[in-house]
$ cat input-v3.cif   # mmCIF, C-alpha atoms (C1' of nucleotides)
data_input
loop_
_atom_site.label_atom_id
_atom_site.label_comp_id
_atom_site.auth_asym_id
_atom_site.auth_seq_id
_atom_site.Cartn_x
_atom_site.Cartn_y
_atom_site.Cartn_z
CA MET A 1 117.43 -130.74 211.29
CA GLY A 2 115.76 -129.64 208.04
CA PHE A 3 112.44 -127.89 207.68
CA SER A 4 110.40 -131.02 206.97
CA LYS A 5 112.01 -133.18 209.63
CA TYR A 6 111.60 -130.47 212.23
CA LEU A 7 107.94 -129.95 211.31
CA ILE A 8 107.26 -133.62 211.97
CA HIS A 9 109.13 -133.34 215.26
CA TRP A 10 107.09 -130.28 216.21
CA TYR A 11 103.89 -132.11 215.31
CA SER A 12 104.65 -135.08 217.53
CA ASN A 13 104.87 -132.71 220.50
CA ASN A 14 102.07 -130.29 219.65
CA LYS A 15 99.28 -132.06 217.80
CA ARG A 16 95.75 -131.72 219.07
CA ASP A 17 93.88 -134.79 220.15
CA LEU A 18 91.13 -135.04 217.53
CA PRO A 19 88.79 -137.99 216.94
CA TRP A 20 89.75 -138.52 213.28
CA ARG A 21 93.38 -138.89 214.38
CA GLN A 22 92.48 -142.15 216.15
CA THR A 23 91.87 -143.99 212.88
CA LYS A 24 93.10 -144.60 209.36
CA ALA A 25 89.83 -145.98 208.09
CA PRO A 26 89.15 -144.25 204.76
CA TYR A 27 85.47 -143.66 205.57
CA TYR A 28 86.28 -141.63 208.68
CA ILE A 29 89.19 -139.77 207.10
CA TRP A 30 87.07 -138.93 204.04
CA LEU A 31 84.18 -137.78 206.22
CA SER A 32 86.42 -135.57 208.36
CA GLU A 33 88.17 -134.05 205.33
CA ILE A 34 84.89 -133.14 203.61
CA ILE A 35 83.55 -131.59 206.82
CA LEU A 36 86.77 -129.64 207.32
CA GLN A 37 86.83 -128.12 203.82
CA GLN A 38 86.56 -124.36 204.31
CA THR A 39 85.72 -125.05 207.91
CA GLN A 40 87.65 -124.73 211.15
CA VAL A 41 88.03 -127.66 213.53
CA LYS A 42 86.01 -125.94 216.22
CA GLN A 43 83.02 -125.57 213.91
CA GLY A 44 83.29 -128.99 212.23
CA LEU A 45 83.92 -131.17 215.29
CA PRO A 46 80.31 -131.50 216.49
CA TYR A 47 79.21 -132.38 212.95
CA TYR A 48 81.86 -135.11 212.74
CA GLU A 49 80.55 -136.55 216.02
CA SER A 50 76.92 -136.55 214.88
CA PHE A 51 77.69 -138.01 211.44
CA THR A 52 79.82 -140.86 212.79
CA GLU A 53 77.17 -141.60 215.39
CA LYS A 54 74.24 -141.60 212.98
CA PHE A 55 76.16 -143.17 210.05
CA PRO A 56 78.90 -145.43 211.49
CA THR A 57 79.71 -146.94 208.09
CA VAL A 58 79.58 -145.89 204.45
CA PHE A 59 76.73 -148.40 204.04
CA ASP A 60 74.62 -146.55 206.62
CA LEU A 61 75.27 -143.24 204.89
CA SER A 62 74.46 -144.71 201.48
CA LYS A 63 71.06 -145.92 202.72
CA ALA A 64 70.00 -142.52 204.10
CA ASP A 65 67.72 -140.08 202.31
CA GLU A 66 69.41 -136.93 201.07
CA SER A 67 67.01 -134.88 203.18
CA ASP A 68 68.32 -136.56 206.35
CA VAL A 69 71.93 -135.91 205.34
CA LEU A 70 71.13 -132.24 204.69
CA LYS A 71 69.30 -131.98 208.01
CA LEU A 72 72.37 -133.26 209.84
CA TRP A 73 74.54 -130.87 207.82
CA GLN A 74 72.28 -127.91 208.62
CA GLY A 75 74.25 -124.84 209.71
CA LEU A 76 77.62 -125.97 208.36
CA GLY A 77 77.22 -124.27 204.98
CA TYR A 78 78.45 -125.11 201.48
CA TYR A 79 75.67 -127.65 201.18
CA SER A 80 76.99 -129.15 197.94
CA ARG A 81 79.47 -130.90 200.23
CA ALA A 82 76.60 -132.78 201.88
CA ARG A 83 74.92 -133.63 198.58
CA ASN A 84 78.22 -134.86 197.11
CA LEU A 85 79.03 -136.76 200.31
CA HIS A 86 75.78 -138.66 200.05
CA ALA A 87 76.12 -139.31 196.29
CA THR A 88 79.67 -140.57 196.77
CA ALA A 89 78.62 -142.91 199.59
CA LYS A 90 76.01 -144.42 197.26
CA HIS A 91 78.59 -144.71 194.48
CA ILE A 92 81.11 -146.46 196.73
CA VAL A 93 78.57 -148.97 197.95
CA LYS A 94 76.96 -149.66 194.59
CA GLU A 95 79.91 -149.53 192.22
CA LEU A 96 82.91 -150.23 194.46
CA LYS A 97 81.47 -152.84 196.83
CA GLY A 98 81.91 -150.48 199.75
CA GLU A 99 85.67 -150.17 199.26
CA PHE A 100 87.25 -146.72 198.96
CA PRO A 101 89.79 -146.17 196.16
CA ASN A 102 93.28 -146.64 197.63
CA ASN A 103 95.25 -144.06 195.64
CA TYR A 104 95.30 -140.35 194.77
CA LYS A 105 94.37 -140.77 191.11
CA ASP A 106 91.25 -142.83 191.77
CA LEU A 107 90.22 -140.84 194.85
CA LEU A 108 90.24 -137.72 192.68
CA LYS A 109 87.41 -139.18 190.59
CA LEU A 110 85.00 -139.09 193.53
CA LYS A 111 82.40 -136.30 193.62
CA GLY A 112 83.39 -133.60 196.06
CA VAL A 113 87.01 -134.82 196.23
CA GLY A 114 89.52 -132.47 194.66
CA ASP A 115 93.29 -132.23 194.77
CA TYR A 116 93.51 -131.42 198.47
CA THR A 117 91.13 -134.12 199.72
CA ALA A 118 92.49 -136.84 197.43
CA SER A 119 96.01 -136.07 198.69
CA ALA A 120 94.89 -136.06 202.31
CA ILE A 121 93.14 -139.44 202.10
CA ALA A 122 95.88 -141.03 199.97
CA SER A 123 98.62 -139.99 202.37
CA ILE A 124 96.83 -140.55 205.68
CA CYS A 125 95.17 -143.85 204.81
CA PHE A 126 97.56 -145.37 202.26
CA ASN A 127 100.94 -143.68 202.88
CA GLU A 128 101.03 -142.30 199.35
CA VAL A 129 103.53 -139.47 198.81
CA ALA A 130 100.91 -136.88 197.84
CA ALA A 131 101.39 -133.41 199.29
CA VAL A 132 98.34 -131.51 200.53
CA VAL A 133 98.00 -127.81 199.84
CA ASP A 134 95.27 -126.22 201.90
CA GLY A 135 95.03 -122.67 203.24
CA ASN A 136 97.43 -123.47 206.07
CA VAL A 137 100.05 -124.85 203.71
CA TYR A 138 99.80 -121.77 201.48
CA ARG A 139 100.34 -119.54 204.49
CA VAL A 140 103.25 -121.47 206.04
CA LEU A 141 105.14 -121.90 202.77
CA SER A 142 104.58 -118.37 201.48
CA ARG A 143 105.90 -116.95 204.74
CA TYR A 144 108.77 -119.33 205.37
CA PHE A 145 110.07 -119.15 201.80
CA GLY A 146 108.96 -115.54 201.17
CA ILE A 147 106.88 -116.38 198.10
CA ASN A 148 104.83 -113.51 196.64
CA THR A 149 102.85 -115.44 194.01
CA PRO A 150 99.12 -115.00 194.71
CA ILE A 151 97.86 -118.22 196.28
CA ASN A 152 94.51 -117.99 194.47
CA SER A 153 95.99 -117.85 190.98
CA SER A 154 96.59 -120.87 188.78
CA LYS A 155 100.30 -120.07 188.78
CA GLY A 156 100.30 -120.01 192.57
CA ALA A 157 98.42 -123.30 192.81
CA LYS A 158 101.04 -125.03 190.64
CA GLU A 159 103.98 -123.39 192.35
CA PHE A 160 102.92 -124.22 195.90
CA LYS A 161 101.85 -127.74 194.99
CA ALA A 162 105.26 -128.41 193.46
CA LEU A 163 107.07 -126.97 196.48
CA ALA A 164 105.00 -129.02 198.92
CA GLN A 165 105.58 -132.14 196.86
CA GLU A 166 109.32 -131.43 196.99
CA LEU A 167 109.31 -130.91 200.76
CA ILE A 168 107.10 -133.81 201.79
CA ASP A 169 108.86 -136.51 203.79
CA LYS A 170 108.87 -139.50 201.43
CA LYS A 171 108.96 -141.93 204.34
CA LYS A 172 106.30 -140.20 206.44
CA PRO A 173 103.91 -138.44 204.04
CA ALA A 174 100.95 -138.66 206.44
CA GLU A 175 102.88 -137.10 209.30
CA PHE A 176 104.34 -134.34 207.14
CA ASN A 177 100.99 -133.36 205.64
CA GLN A 178 99.26 -133.20 209.00
CA ALA A 179 102.23 -131.47 210.61
CA ILE A 180 102.35 -128.55 208.19
CA MET A 181 98.58 -128.04 208.37
CA GLU A 182 98.55 -128.25 212.17
CA PHE A 183 101.43 -125.79 212.36
CA GLY A 184 99.53 -123.33 210.18
CA ALA A 185 96.30 -123.79 212.09
CA THR A 186 97.71 -123.39 215.60
CA HIS A 187 100.99 -121.48 215.33
CA CYS A 188 101.54 -119.74 211.98
CA THR A 189 98.05 -118.27 212.16
CA PRO A 190 96.57 -115.72 209.72
CA GLN A 191 96.48 -112.94 212.30
CA LYS A 192 99.04 -112.46 215.04
CA PRO A 193 101.19 -115.55 214.49
CA ASP A 194 103.44 -116.25 217.46
CA CYS A 195 106.74 -115.54 215.71
CA ASN A 196 108.66 -115.01 218.95
CA THR A 197 108.29 -118.62 220.01
CA CYS A 198 108.35 -120.02 216.48
CA PRO A 199 110.95 -122.76 215.99
CA PHE A 200 111.52 -121.51 212.43
CA ASN A 201 112.01 -117.80 213.12
CA LYS A 202 115.77 -117.93 212.40
CA SER A 203 115.19 -118.99 208.81
CA CYS A 204 111.65 -117.71 208.05
CA ILE A 205 111.99 -115.14 205.27
CA ALA A 206 108.78 -113.29 206.03
CA PHE A 207 109.74 -112.88 209.69
CA ASN A 208 113.25 -111.71 208.93
CA LYS A 209 112.10 -109.26 206.26
CA ASN A 210 109.20 -108.08 208.42
CA LYS A 211 106.65 -109.26 205.87
CA ILE A 212 104.54 -111.54 208.02
CA ASN A 213 101.46 -109.36 207.54
CA GLU A 214 101.92 -109.16 203.76
CA LEU A 215 102.04 -112.91 203.16
CA PRO A 216 100.37 -114.86 201.75
CA VAL A 217 99.43 -112.63 198.79
CA LYS A 218 95.87 -113.03 197.66
CA ILE A 219 93.94 -111.54 194.73
CA LYS A 220 90.98 -109.58 196.04
CA SER A 221 87.61 -111.08 195.27
CA ALA A 222 84.64 -109.20 193.89
CA LYS A 223 82.43 -107.29 196.28
CA ALA A 224 79.30 -109.02 197.51
CA LYS A 225 76.06 -108.28 195.70
CA LYS A 226 73.13 -106.98 197.67
CA LYS A 227 69.87 -108.88 197.57
CA TYR A 228 66.53 -108.14 199.18
CA PHE A 229 64.64 -111.13 200.53
CA ASN A 230 61.06 -111.03 201.81
CA PHE A 231 59.99 -114.30 203.41
CA LEU A 232 56.26 -114.97 203.81
CA VAL A 233 55.62 -116.71 207.10
CA PHE A 234 52.11 -118.01 206.59
CA ILE A 235 50.06 -118.74 209.68
CA SER A 236 46.68 -120.33 209.08
CA GLY A 237 43.71 -120.62 211.40
CA ASP A 238 44.40 -124.34 211.79
CA GLY A 239 48.03 -123.89 212.84
CA LYS A 240 49.86 -124.50 209.61
CA THR A 241 52.59 -122.76 207.67
CA ILE A 242 54.34 -123.22 204.33
CA LEU A 243 57.89 -124.31 203.64
CA GLU A 244 59.17 -124.70 200.09
CA LYS A 245 62.16 -126.67 198.83
CA ARG A 246 64.72 -124.55 197.02
CA GLU A 247 65.24 -125.96 193.55
CA GLY A 248 67.61 -124.92 190.81
CA LYS A 249 71.21 -123.86 190.95
CA GLY A 250 71.62 -121.04 193.43
CA ILE A 251 72.33 -120.96 197.14
CA TRP A 252 70.84 -123.45 199.58
CA GLN A 253 69.92 -126.00 196.93
CA ASN A 254 67.47 -128.62 198.30
CA LEU A 255 67.05 -126.83 201.61
CA TYR A 256 63.71 -125.43 202.78
CA GLN A 257 62.56 -121.86 203.20
CA PHE A 258 59.40 -119.82 203.61
CA PRO A 259 57.88 -118.65 200.31
CA LEU A 260 60.17 -115.91 199.05
CA ILE A 261 59.55 -112.64 197.28
CA GLU A 262 62.78 -111.08 196.08
CA THR A 263 62.74 -107.36 195.39
CA ASN A 264 65.22 -104.85 193.98
CA THR A 265 65.33 -102.80 197.15
CA ASN A 266 63.97 -102.68 200.68
CA VAL A 267 60.19 -102.51 200.48
CA ASP A 268 57.61 -101.14 202.90
CA VAL A 269 54.41 -102.80 204.02
CA ASN A 270 52.22 -101.24 201.32
CA THR A 271 54.51 -102.27 198.49
CA LEU A 272 54.73 -105.81 199.80
CA LYS A 273 50.96 -105.97 200.35
CA LYS A 274 50.43 -105.45 196.63
CA LEU A 275 52.94 -108.19 195.79
CA VAL A 276 51.33 -110.61 198.24
CA LYS A 277 47.88 -109.85 196.84
CA GLU A 278 49.03 -111.05 193.40
CA HIS A 279 50.86 -114.08 194.82
CA ASP A 280 49.85 -117.60 193.76
CA LEU A 281 49.45 -118.65 197.38
CA ILE A 282 46.85 -115.90 198.01
CA LYS A 283 44.80 -115.47 194.82
CA GLY A 284 42.34 -112.95 196.17
CA MET A 285 42.04 -114.53 199.60
CA SER A 286 41.88 -112.08 202.46
CA PHE A 287 45.00 -111.86 204.63
CA GLN A 288 46.67 -109.83 207.32
CA LEU A 289 50.26 -108.74 206.85
CA SER A 290 52.75 -107.62 209.48
CA LEU A 291 56.50 -107.20 209.54
CA TYR A 292 58.15 -109.43 212.18
CA ASN A 293 61.63 -107.89 212.35
CA LYS A 294 61.66 -104.12 212.76
CA ASP A 295 65.30 -103.97 211.72
CA VAL A 296 66.25 -105.67 208.49
CA VAL A 297 68.29 -108.82 209.08
CA VAL A 298 71.56 -108.73 207.16
CA HIS A 299 72.87 -112.19 206.35
CA LYS A 300 76.34 -112.18 204.82
CA LEU A 301 77.58 -114.83 202.45
CA SER A 302 80.84 -114.71 200.54
CA HIS A 303 79.24 -113.30 197.39
CA GLN A 304 75.89 -112.00 198.53
CA HIS A 305 74.57 -109.81 201.31
CA LEU A 306 70.97 -110.69 202.01
CA TYR A 307 68.79 -107.89 203.39
CA THR A 308 65.97 -109.88 204.84
CA LYS A 309 62.49 -109.18 206.13
CA PHE A 310 60.18 -111.79 207.63
CA TRP A 311 56.52 -110.99 206.97
CA VAL A 312 53.82 -112.76 208.94
CA VAL A 313 50.85 -113.53 206.70
CA ASN A 314 47.75 -114.53 208.64
CA VAL A 315 45.12 -116.37 206.62
CA ASN A 316 42.06 -118.45 207.40
CA LYS A 317 43.10 -121.47 205.43
CA LEU A 318 46.01 -122.38 203.17
CA LEU A 319 45.50 -122.94 199.43
CA VAL A 320 48.18 -125.64 199.42
CA ASN A 321 49.15 -128.48 201.74
CA GLY A 322 51.06 -126.74 204.49
CA ILE A 323 52.96 -128.28 207.34
CA SER A 324 51.99 -128.26 210.99
CA THR A 325 54.05 -125.64 212.73
CA GLN A 326 55.26 -128.24 215.24
CA ASP A 327 56.89 -130.22 212.40
CA ILE A 328 58.95 -127.27 211.25
CA HIS A 329 62.07 -128.51 213.02
CA ASN A 330 62.23 -131.64 210.83
CA TYR A 331 63.25 -129.70 207.74
CA ALA A 332 66.78 -128.73 206.74
CA VAL A 333 66.86 -124.94 206.55
CA PRO A 334 69.58 -122.34 206.05
CA ILE A 335 70.86 -120.73 209.24
CA LEU A 336 69.07 -117.49 208.29
CA ILE A 337 65.72 -119.32 208.42
CA GLY A 338 66.76 -121.42 211.41
CA ASN A 339 67.56 -118.34 213.48
CA PHE A 340 64.16 -116.90 212.68
CA ILE A 341 62.37 -120.14 213.61
CA GLU A 342 64.19 -120.13 216.95
CA THR A 343 63.09 -116.64 217.90
CA PHE A 344 59.57 -116.91 216.49
CA ASN A 345 57.22 -118.86 218.71
CA PHE A 346 55.29 -121.23 216.47
"C1'" DA B 1 90.40 -117.31 184.54
"C1'" DA B 2 86.27 -115.78 186.80
"C1'" DC B 3 82.65 -116.81 189.44
"C1'" DC B 4 79.62 -119.42 192.60
"C1'" DC B 5 78.79 -121.76 197.01
"C1'" DG B 6 77.84 -120.58 203.93
"C1'" DG B 7 78.90 -119.39 207.90
"C1'" DG B 8 81.98 -117.78 211.50
"C1'" DG B 9 85.15 -114.60 213.18
"C1'" DT B 10 87.99 -109.97 214.30
"C1'" DC B 11 88.58 -105.07 214.57
"C1'" DG C 1 80.29 -101.93 208.30
"C1'" DA C 2 84.97 -103.67 206.23
"C1'" DC C 3 87.74 -107.30 206.06
"C1'" DC C 4 89.62 -112.17 206.77
"C1'" DC C 5 89.34 -117.34 206.41
"C1'" DA C 6 88.99 -121.42 203.14
"C1'" DG C 7 88.24 -126.51 198.64
"C1'" DG C 8 85.51 -127.95 194.89
"C1'" DG C 9 82.65 -127.27 190.97
"C1'" DT C 10 80.86 -124.80 186.95
"C1'" DT C 11 81.08 -121.76 183.16
#

$ encode --input "input-v3.cif" --output "structure tokens"
Amino acid sequence: MGFSKYLIHWYSNNKRDLPWRQTKAPYYIWLSEIILQQTQVKQGLPYYESFTEKFPTVFDLSKADESDVLKLWQGLGYYSRARNLHATAKHIVKELKGEFPNNYKDLLKLKGVGDYTASAIASICFNEVAAVVDGNVYRVLSRYFGINTPINSSKGAKEFKALAQELIDKKKPAEFNQAIMEFGATHCTPQKPDCNTCPFNKSCIAFNKNKINELPVKIKSAKAKKKYFNFLVFISGDGKTILEKREGKGIWQNLYQFPLIETNTNVDVNTLKKLVKEHDLIKGMSFQLSLYNKDVVVHKLSHQHLYTKFWVVNVNKLLVNGISTQDIHNYAVPILIGNFIETFNF
DNA sequence: AACCCGGGGTC
DNA sequence: GACCCAGGGTT
């Protein structure tokens, strides 16, 4: 049996029982694929459950406010996925009468749907012969065929896409695509793949040349930049605090946070006191300042390391409309803020 | 082509 | 702390 045929055979015996494998409805497949971008099944599963429960159809999702979608997405990261998900739901209801595009080319036009996701939906829902290339596929193919081309180069993207498209079972594209991804996720894993029990170990080039740990080849990414965040946790005499919506282009767009003072380095209480004194939310008011976390909280993102201090600012009254501290759980916040809210007793 | 966008995990 | 994982969008 050839590589592709055997993969499908392996899949039929080894696939995990996952909720999105019970359906071919484009809405559910689309939803699961967006959630699973850059995300492992274990982390995405509870979000899939809550989204399908709260928004059983694309019409329900299209009617929601973006803030509710972001709140449900809270903690999953890469929040542009949630904003695009919501925008695309609106688009499908308004412009496409609630019907998803039924082919790769048209699926690709949807916001938040790139080559991988368009191929996944087209093959799973509509049996189109469109090969998926996700991180699992890169790993399985680079090892089995001993390919050294960096997977995160444009040359690599073309090369692996073409190879996958050549290998895909033309009669069972959905099964092949899911089989190769499942095999990568559960057997041909990034670290410590189980080569001894691997059904392909006779012909796998990486295994036979002892190169399992060198493949796939990846170009190193730039080192993360350090940033210094000082969040002002206002507490007023009448039990209110301040949350602000993050605008603009950077991280956590449209999520909420405490008023932020970014500095070039870690600052002590006296330095921060001067900055708070000049702050628009204080304007000469008297205040009491204390550092909540003795040790700086380091929050690591792919491209930034955030050295974070939470400063409690006690004031008599707020200069702006604050929120009652008991309502703080209604706002979508980054996990960094969410963890603080959990440990701080409002 | 280079860079941005979260959060979770291992060693 | 250093390193690994992983799609789409923007510049």

$ residues_near_point --input "input-v3.cif" --point "(89.5, -112.1, 186.5)" --cutoff "10 Å" --atoms "only C-alpha atoms (C1' of nucleotides)" --output "ChimeraX atom specification"
/A:153,219-222 /B:1-3

$ write_last_selection --input "input-v3.cif" --atoms "C-alpha atoms (C1' of nucleotides)" --output "short mmCIF file (atom, residue, chain, number, x, y, z; two decimals), in the frame of the given file"
data_model
loop_
_atom_site.label_atom_id
_atom_site.label_comp_id
_atom_site.auth_asym_id
_atom_site.auth_seq_id
_atom_site.Cartn_x
_atom_site.Cartn_y
_atom_site.Cartn_z
CA SER A 153 95.99 -117.85 190.98
CA ILE A 219 93.94 -111.54 194.73
CA LYS A 220 90.98 -109.58 196.04
CA SER A 221 87.61 -111.08 195.27
CA ALA A 222 84.64 -109.20 193.89
"C1'" DA B 1 90.40 -117.31 184.54
"C1'" DA B 2 86.27 -115.78 186.80
"C1'" DC B 3 82.65 -116.81 189.44
#

$ closest_residue --input "input-v3.cif" --among "A:Leu76, A:Leu167, A:Ala332, A:Leu243" --to "DG7 in chain B" --atoms "all atoms listed in the file"
A:Leu76

$ interface_residues --input "input-v3.cif" --of "chain C" --to "chain A" --cutoff "8 Å" --atoms "only C-alpha atoms (C1' of nucleotides)" --output "VMD selection string"
chain C and resid 5 to 8

$ resolve_selection --input "input-v3.cif" --expression "the PyMOL selection byres ((chain B) within 8 of (chain A))" --output "list in words"
DC4, DC5, DG6 and DG7 of chain B

$ atom_distance --input "input-v3.cif" --atom1 "CA of Ala164 in chain A" --atom2 "CA of Leu45 in chain A"
26.8 Å

$ resolve_selection --input "input-v3.cif" --expression "the PyMOL selection byres ((chain A and resi 267-273) around 12)" --output "ChimeraX atom specification"
/A:227-232,260-266,274-279,282,284,286-292,294,296,307-313

$ atom_distance --input "input-v3.cif" --atom1 "CA of Asn345 in chain A" --atom2 "CA of Thr325 in chain A"
9.6 Å

$ atom_distance --input "input-v3.cif" --atom1 "CA of Glu159 in chain A" --atom2 "CA of Tyr138 in chain A"
10.2 Å

$ resolve_selection --input "input-v3.cif" --expression "the PyMOL selection byres ((chain B and resi 11) around 12)" --output "PyMOL selection string"
(chain A and resi 191) or (chain B and resi 9-10) or (chain C and resi 1-4)

$ residues_around --input "input-v3.cif" --residues "Ile328 in chain A" --least-positions-apart "3" --cutoff "10 Å" --atoms "all atoms listed in the file" --output "PyMOL selection string"
chain A and resi 240-243+256+323-325+331-333+338+341+346

$ residues_around --input "input-v3.cif" --residues "Trp20 in chain A" --least-positions-apart "5" --cutoff "9 Å" --atoms "only C-alpha atoms (C1' of nucleotides)" --output "VMD selection string"
chain A and resid 28 to 29 32 48

$ residues_near_point --input "input-v3.cif" --point "(91.4, -136.3, 195.4)" --cutoff "8 Å" --atoms "only C-alpha atoms (C1' of nucleotides)" --output "CSV table (one decimal) with C-alpha atoms, in the frame of the given file"
chain,number,residue,atom,x,y,z
A,104,TYR,CA,95.3,-140.4,194.8
A,105,LYS,CA,94.4,-140.8,191.1
A,106,ASP,CA,91.2,-142.8,191.8
A,107,LEU,CA,90.2,-140.8,194.8
A,108,LEU,CA,90.2,-137.7,192.7
A,109,LYS,CA,87.4,-139.2,190.6
A,110,LEU,CA,85.0,-139.1,193.5
A,113,VAL,CA,87.0,-134.8,196.2
A,114,GLY,CA,89.5,-132.5,194.7
A,115,ASP,CA,93.3,-132.2,194.8
A,116,TYR,CA,93.5,-131.4,198.5
A,117,THR,CA,91.1,-134.1,199.7
A,118,ALA,CA,92.5,-136.8,197.4
A,119,SER,CA,96.0,-136.1,198.7
A,120,ALA,CA,94.9,-136.1,202.3
A,121,ILE,CA,93.1,-139.4,202.1
A,122,ALA,CA,95.9,-141.0,200.0
